[in-house]
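Below: protein.csv (CSV, C-alpha atoms)
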chain,number,residue,atom,x,y,z
A,1,MET,CA,70.2,219.3,260.9
A,2,GLN,CA,69.2,217.8,264.2
A,3,ARG,CA,70.8,214.6,265.3
A,4,LEU,CA,68.4,211.7,265.3
A,5,SER,CA,68.7,208.5,267.3
A,6,ASN,CA,67.6,205.5,265.3
A,7,ASP,CA,65.7,202.5,266.6
A,8,PHE,CA,68.8,200.4,266.9
A,9,GLY,CA,70.5,202.6,269.4
A,10,TYR,CA,72.8,204.4,267.0
A,11,GLN,CA,72.7,208.0,265.8
A,12,ASN,CA,72.4,209.2,262.3
A,13,ARG,CA,71.9,212.5,260.5
A,14,HIS,CA,69.3,212.0,257.9
A,15,THR,CA,65.6,212.1,257.3
A,16,ILE,CA,63.3,209.2,256.9
A,17,GLY,CA,62.3,210.6,253.5
A,18,ASP,CA,65.9,210.5,252.3
A,19,GLU,CA,66.2,206.8,253.4
A,20,ILE,CA,62.9,205.8,251.7
A,21,GLY,CA,64.1,207.5,248.5
A,22,LYS,CA,67.3,205.5,248.5
A,23,MET,CA,65.4,202.2,249.0
A,24,LEU,CA,62.9,203.0,246.2
A,25,LEU,CA,65.9,203.8,244.0
A,26,LEU,CA,67.3,200.3,244.8
A,27,VAL,CA,64.0,198.7,243.7
A,28,GLY,CA,64.1,200.8,240.6
A,29,VAL,CA,67.6,199.7,239.7
A,30,ILE,CA,66.5,196.1,240.0
A,31,TRP,CA,63.8,196.7,237.5
A,32,VAL,CA,66.1,198.5,235.1
A,33,VAL,CA,68.6,195.6,235.3
A,34,PHE,CA,65.7,193.2,234.6
A,35,PHE,CA,64.8,195.0,231.4
A,36,LEU,CA,68.4,195.3,230.4
A,37,ASP,CA,68.7,191.5,231.0
A,38,CYS,CA,66.0,191.0,228.4
A,39,ALA,CA,68.3,192.5,225.8
A,40,LEU,CA,71.7,191.4,227.1
A,41,PRO,CA,72.7,188.0,228.7
A,42,LEU,CA,73.5,189.6,232.0
A,43,SER,CA,72.3,186.6,234.0
A,44,GLU,CA,74.6,184.4,232.0
A,45,TRP,CA,77.5,186.7,232.7
A,46,PHE,CA,76.9,187.7,236.3
A,47,ALA,CA,74.8,185.0,238.0
A,48,LEU,CA,76.5,183.7,241.2
A,49,VAL,CA,78.0,180.2,240.8
A,50,PRO,CA,79.5,179.1,244.1
A,51,ARG,CA,83.3,178.7,244.3
A,52,ARG,CA,83.9,179.8,240.7
A,53,VAL,CA,86.4,182.6,241.0
A,54,GLU,CA,85.2,184.3,237.8
A,55,ARG,CA,81.7,184.5,239.3
A,56,ILE,CA,82.8,186.5,242.4
A,57,PRO,CA,81.0,189.6,241.0
A,58,GLY,CA,77.8,187.6,241.3
A,59,ILE,CA,78.0,188.0,245.1
A,60,VAL,CA,76.6,191.5,244.5
A,61,ALA,CA,75.1,191.2,241.0
A,62,MET,CA,72.8,188.3,241.8
A,63,THR,CA,70.5,190.4,243.9
A,64,PHE,CA,69.7,192.6,240.8
A,65,LEU,CA,69.2,189.7,238.4
A,66,HIS,CA,66.0,187.6,238.0
A,67,LYS,CA,64.9,184.6,236.0
A,68,ASP,CA,61.7,186.1,234.5
A,69,PHE,CA,59.0,188.7,235.0
A,70,GLY,CA,57.1,186.6,237.5
A,71,HIS,CA,60.3,186.2,239.6
A,72,VAL,CA,61.1,190.0,239.8
A,73,LEU,CA,57.5,190.9,240.4
A,74,ALA,CA,57.2,188.3,243.2
A,75,ASN,CA,60.3,189.8,244.9
A,76,THR,CA,59.2,193.5,244.5
A,77,VAL,CA,56.3,193.6,247.0
A,78,PRO,CA,58.2,192.1,250.0
A,79,LEU,CA,61.2,194.2,249.1
A,80,LEU,CA,59.1,197.4,249.1
A,81,VAL,CA,57.6,196.5,252.5
A,82,LEU,CA,60.9,195.5,254.2
A,83,LEU,CA,63.0,198.3,252.7
A,84,SER,CA,60.3,200.8,253.8
A,85,LEU,CA,60.4,199.4,257.3
A,86,LEU,CA,64.2,199.6,257.3
A,87,ALA,CA,64.0,203.3,256.2
A,88,GLY,CA,61.5,203.9,258.9
A,89,SER,CA,63.8,202.5,261.5
A,90,ARG,CA,66.3,205.3,260.9
A,91,ALA,CA,69.1,202.8,260.6
A,92,HIS,CA,71.9,203.3,258.1
A,93,SER,CA,69.7,201.8,255.4
A,94,SER,CA,72.2,201.9,252.5
A,95,LYS,CA,75.1,200.5,254.6
A,96,THR,CA,72.8,197.8,256.0
A,97,VAL,CA,71.5,196.7,252.6
A,98,ALA,CA,75.0,196.7,251.2
A,99,ALA,CA,76.2,194.6,254.1
A,100,LEU,CA,73.3,192.1,253.8
A,101,ILE,CA,74.0,191.7,250.0
A,102,VAL,CA,77.7,191.2,250.5
A,103,VAL,CA,77.6,189.0,253.6
A,104,GLY,CA,74.8,186.8,252.3
A,105,GLY,CA,76.3,186.6,248.8
A,106,ALA,CA,79.7,185.7,250.2
A,107,LEU,CA,78.2,182.9,252.3
A,108,LEU,CA,76.4,181.6,249.2
A,109,TRP,CA,79.6,181.7,247.1
A,110,LEU,CA,81.5,179.8,249.8
A,111,PHE,CA,78.9,177.2,250.8
A,112,GLY,CA,76.1,177.1,248.2
A,113,ARG,CA,75.4,174.4,245.6
A,114,ASN,CA,77.2,174.7,242.3
A,115,GLY,CA,76.1,171.5,240.7
A,116,THR,CA,78.3,169.4,238.5
A,117,GLN,CA,80.5,169.9,235.4
A,118,SER,CA,77.5,168.9,233.2
A,119,PHE,CA,74.9,170.8,235.2
A,120,VAL,CA,75.9,174.1,236.7
A,121,ILE,CA,73.7,175.7,239.4
A,122,SER,CA,73.6,179.5,239.2
A,123,HIS,CA,71.8,181.7,241.6
A,124,VAL,CA,69.9,184.9,240.9
A,125,GLY,CA,67.3,187.0,242.6
A,126,ALA,CA,66.6,189.5,245.4
A,127,SER,CA,65.3,186.7,247.7
A,128,LEU,CA,68.7,186.5,249.4
A,129,LEU,CA,68.3,190.2,250.4
A,130,ILE,CA,64.6,189.6,251.4
A,131,TYR,CA,65.5,186.8,253.8
A,132,GLY,CA,68.4,188.8,255.1
A,133,LEU,CA,66.1,191.7,255.9
A,134,VAL,CA,63.6,189.5,257.7
A,135,THR,CA,66.2,187.9,260.0
A,136,PHE,CA,68.0,191.3,260.4
A,137,PHE,CA,64.9,192.8,262.0
A,138,LEU,CA,64.3,189.8,264.2
A,139,ALA,CA,67.9,189.5,265.4
A,140,ALA,CA,68.3,193.3,265.9
A,141,ALA,CA,65.2,193.4,268.0
A,142,TRP,CA,66.5,190.5,270.1
A,143,PHE,CA,69.9,192.0,270.6
A,144,GLU,CA,68.8,195.5,271.3
A,145,LYS,CA,65.8,194.7,273.5
A,146,ARG,CA,64.2,197.9,272.4
A,147,LEU,CA,60.4,198.4,272.0
A,148,VAL,CA,60.2,199.8,268.4
A,149,PRO,CA,62.5,197.2,266.8
A,150,MET,CA,60.6,194.5,268.7
A,151,LEU,CA,57.3,195.8,267.3
A,152,VAL,CA,58.8,195.9,263.8
A,153,ALA,CA,60.1,192.4,264.3
A,154,VAL,CA,56.7,191.1,265.3
A,155,LEU,CA,55.2,192.7,262.1
A,156,VAL,CA,57.9,191.2,260.0
A,157,GLY,CA,57.5,187.8,261.6
A,158,PHE,CA,53.7,187.9,261.1
A,159,LEU,CA,54.1,188.8,257.4
A,160,TYR,CA,57.0,186.6,256.4
A,161,GLY,CA,57.9,184.3,259.3
A,162,GLY,CA,56.2,181.2,257.8
A,163,SER,CA,57.5,181.6,254.3
A,164,THR,CA,61.0,182.3,255.7
A,165,LEU,CA,61.1,178.9,257.5
A,166,ILE,CA,59.7,177.0,254.5
A,167,GLY,CA,62.1,178.8,252.0
A,168,VAL,CA,65.3,177.5,253.7
A,169,ILE,CA,64.3,173.9,253.6
A,170,PRO,CA,66.3,171.9,251.0
A,171,ASN,CA,64.1,170.9,248.0
A,172,ASN,CA,64.3,170.1,244.3
A,173,SER,CA,61.9,172.8,243.1
A,174,GLY,CA,64.5,174.8,241.3
A,175,VAL,CA,64.3,177.5,244.0
A,176,SER,CA,67.6,178.7,245.6
A,177,TRP,CA,66.8,177.5,249.1
A,178,ASP,CA,70.6,177.7,249.9
A,179,GLY,CA,70.5,181.3,248.8
A,180,HIS,CA,67.6,181.9,251.2
A,181,LEU,CA,69.4,180.2,254.0
A,182,CYS,CA,72.7,182.2,253.4
A,183,GLY,CA,70.7,185.4,253.2
A,184,ALA,CA,69.0,184.6,256.5
A,185,ILE,CA,72.3,183.8,258.2
A,186,GLY,CA,73.7,187.0,256.8
A,187,GLY,CA,70.9,189.0,258.3
A,188,VAL,CA,71.8,187.7,261.8
A,189,ILE,CA,75.5,188.5,261.2
A,190,VAL,CA,74.8,192.0,260.0
A,191,ALA,CA,72.6,192.6,263.1
A,192,LEU,CA,75.5,191.6,265.3
A,193,LEU,CA,77.9,193.9,263.4
A,194,GLN,CA,75.4,196.8,263.2
A,195,PRO,CA,77.5,199.0,265.6
A,196,LEU,CA,80.5,198.7,263.2
A,197,ILE,CA,78.3,199.2,260.1
A,198,ALA,CA,76.7,202.3,261.6
A,199,GLY,CA,80.0,203.8,262.4
A,200,LYS,CA,80.7,206.9,264.4
A,201,SER,CA,77.7,209.0,265.4
A,202,ASP,CA,77.2,212.2,263.4
A,203,GLU,CA,77.3,215.5,265.3
A,204,ALA,CA,74.5,218.1,265.0
Write out the structure in this file as structure tokens.
Amino acid sequence: MQRLSNDFGYQNRHTIGDEIGKMLLLVGVIWVVFFLDCALPLSEWFALVPRRVERIPGIVAMTFLHKDFGHVLANTVPLLVLLSLLAGSRAHSSKTVAALIVVGGALLWLFGRNGTQSFVISHVGASLLIYGLVTFFLAAAWFEKRLVPMLVAVLVGFLYGGSTLIGVIPNNSGVSWDGHLCGAIGGVIVALLQPLIAGKSDEA
């Protein structure tokens, strides 16, 4: 297969169709987990609670868990848009998504709100990944100074820039604003680490 150079200055051996398929599979898994959660108390078991050692699995699991149907539906559309853009960038989509989930989730586990002994704050939802994807595109475009990522970043900023800024402001609405903030910070970190995440170029 011909070696392809992606928009972030790294080289990968894959097709855009393969990457889109992986990203659609991720969204499908989120929906499967949602329906399983309707029958089993998965959110009670695996939601992320900051600085609780037994909730470390929530660093990854929280992205796949949602409060209710409206919550998962609201996250599905921006996920589909952003993951499709990521697949179209020819970046290492799977590695990038995994890094965004782990880095953002780890930041939330370390620094997020966990409430009190009588009122525990748990975090669920793919919004952390969504915010990570938005800032990843913006930061990658800034760092690389390449035309296509810049155009993608402009599109992302137009679609989600305003809501991203609003979503990281502390509030008492019951929304995990600190999860949004940690996801956004994680996106910048992953963009900085992209050469390590991409790894060695594949040979044709």
Pick from A:Lys95, A:His180, A:Lys145, A:Arg52: nearest to Ala198 in chain A, with only C-alpha atoms counted?
->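 Comparing A:Lys95, A:His180, A:Lys145, A:Arg52 against Ala198 in chain A, the winner is A:Lys95.
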Measuring atom to atom with only C-alpha atoms, identify which of A:Met23, A:Ala126, A:Val97, A:Val102 is nearest to Leu65 in chain A.
-> A:Ala126
Of the candidates A:Phe35, A:Trp109, A:Phe136, A:Phe158, which shows the shortest atom-to-atom distance to His123 in chain A, using all atoms listed in the file?
->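 Looking at the shortest contact to His123 in chain A, the residue is A:Trp109.
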Find the residues around Asp37 in chain A up to 10 Å (all atoms listed in the file counted), leave out those fewer than 4 positions away in its own chain, and share them as a VMD selection string.
-> chain A and resid 31 to 33 41 to 44 64 to 68
Let me see the file: selected residues, C-alpha atoms, as a PDB file, keeping the file's coordinate frame.
ATOM      1  CA  TRP A  31      63.800 196.700 237.500  1.00  0.00           C
ATOM      2  CA  VAL A  32      66.100 198.500 235.100  1.00  0.00           C
ATOM      3  CA  VAL A  33      68.600 195.600 235.300  1.00  0.00           C
ATOM      4  CA  PRO A  41      72.700 188.000 228.700  1.00  0.00           C
ATOM      5  CA  LEU A  42      73.500 189.600 232.000  1.00  0.00           C
ATOM      6  CA  SER A  43      72.300 186.600 234.000  1.00  0.00           C
ATOM      7  CA  GLU A  44      74.600 184.400 232.000  1.00  0.00           C
ATOM      8  CA  PHE A  64      69.700 192.600 240.800  1.00  0.00           C
ATOM      9  CA  LEU A  65      69.200 189.700 238.400  1.00  0.00           C
ATOM     10  CA  HIS A  66      66.000 187.600 238.000  1.00  0.00           C
ATOM     11  CA  LYS A  67      64.900 184.600 236.000  1.00  0.00           C
ATOM     12  CA  ASP A  68      61.700 186.100 234.500  1.00  0.00           C
TER      13      ASP A  68
END
Gap from CA of Gln194 in chain A to CA of Leu128 in chain A - Å, one decimal |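 Those two atoms sit 18.5 Å apart.
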Closest of A:Gly132, A:Pro149, A:Gly17, A:Gly112 to Leu48 in chain A - atom-to-atom distances counting all atoms listed in the file | A:Gly112
Using only C-alpha atoms, which of the listed residues (A:Val53, A:Val72, A:Ile166, A:Leu129) sits closest to Gly179 in chain A?
-> A:Leu129
Quick one: everything within 9 Å of Leu79 in chain A, counting all atoms listed in the file, minus sequence neighbours fewer than 5 positions away in the same chain. Send it as a PDB file with C-alpha atoms, in the coordinates of the input.
ATOM      1  CA  VAL A  27      64.000 198.700 243.700  1.00  0.00           C
ATOM      2  CA  SER A  84      60.300 200.800 253.800  1.00  0.00           C
ATOM      3  CA  ALA A 126      66.600 189.500 245.400  1.00  0.00           C
ATOM      4  CA  SER A 127      65.300 186.700 247.700  1.00  0.00           C
ATOM      5  CA  LEU A 129      68.300 190.200 250.400  1.00  0.00           C
ATOM      6  CA  ILE A 130      64.600 189.600 251.400  1.00  0.00           C
ATOM      7  CA  LEU A 133      66.100 191.700 255.900  1.00  0.00           C
TER       8      LEU A 133
END
Separation of CA of Met62 in chain A and CA of Ala141 in chain A, in Å?
->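 A separation of 27.8 Å between them.
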Could you list, as a PDB file with C-alpha atoms, in the frame of the given file, every residue within 8 Å of Ala139 in chain A, counting only C-alpha atoms and ignoring same-chain residues fewer than 5 positions away?
ATOM      1  CA  GLY A 187      70.900 189.000 258.300  1.00  0.00           C
ATOM      2  CA  VAL A 188      71.800 187.700 261.800  1.00  0.00           C
ATOM      3  CA  ALA A 191      72.600 192.600 263.100  1.00  0.00           C
ATOM      4  CA  LEU A 192      75.500 191.600 265.300  1.00  0.00           C
TER       5      LEU A 192
END
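Going from CA of Gly104 in chain A to CA of Phe137 in chain A covers 15.1 Å.
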Test item: residues at most 12 Å from Leu159 in chain A, only C-alpha atoms, excluding those fewer than 2 positions along its chain, as number ranges by chain = A: 77-78, 81-82, 134, 152-157, 161-164
Can you pull out every residue within 9 Å of Ile59 in chain A, counting all atoms listed in the file, but drop anything in the same chain fewer than 2 positions away, and send it as number ranges by chain?
-> A: 46-49, 55-57, 61-63, 101-109
Write the residues of the preceding selection, restricted to C-alpha atoms, as a tab-separated table (two decimals), in the coordinates of the input.
chain	number	residue	atom	x	y	z
A	46	PHE	CA	76.90	187.70	236.30
A	47	ALA	CA	74.80	185.00	238.00
A	48	LEU	CA	76.50	183.70	241.20
A	49	VAL	CA	78.00	180.20	240.80
A	55	ARG	CA	81.70	184.50	239.30
A	56	ILE	CA	82.80	186.50	242.40
A	57	PRO	CA	81.00	189.60	241.00
A	61	ALA	CA	75.10	191.20	241.00
A	62	MET	CA	72.80	188.30	241.80
A	63	THR	CA	70.50	190.40	243.90
A	101	ILE	CA	74.00	191.70	250.00
A	102	VAL	CA	77.70	191.20	250.50
A	103	VAL	CA	77.60	189.00	253.60
A	104	GLY	CA	74.80	186.80	252.30
A	105	GLY	CA	76.30	186.60	248.80
A	106	ALA	CA	79.70	185.70	250.20
A	107	LEU	CA	78.20	182.90	252.30
A	108	LEU	CA	76.40	181.60	249.20
A	109	TRP	CA	79.60	181.70	247.10
Closest of A:Val60, A:Met150, A:Arg51, A:Gly186 to Ser89 in chain A - atom-to-atom distances counting only C-alpha atoms =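 Ranked by minimum distance to Ser89 in chain A, first place goes to A:Met150.
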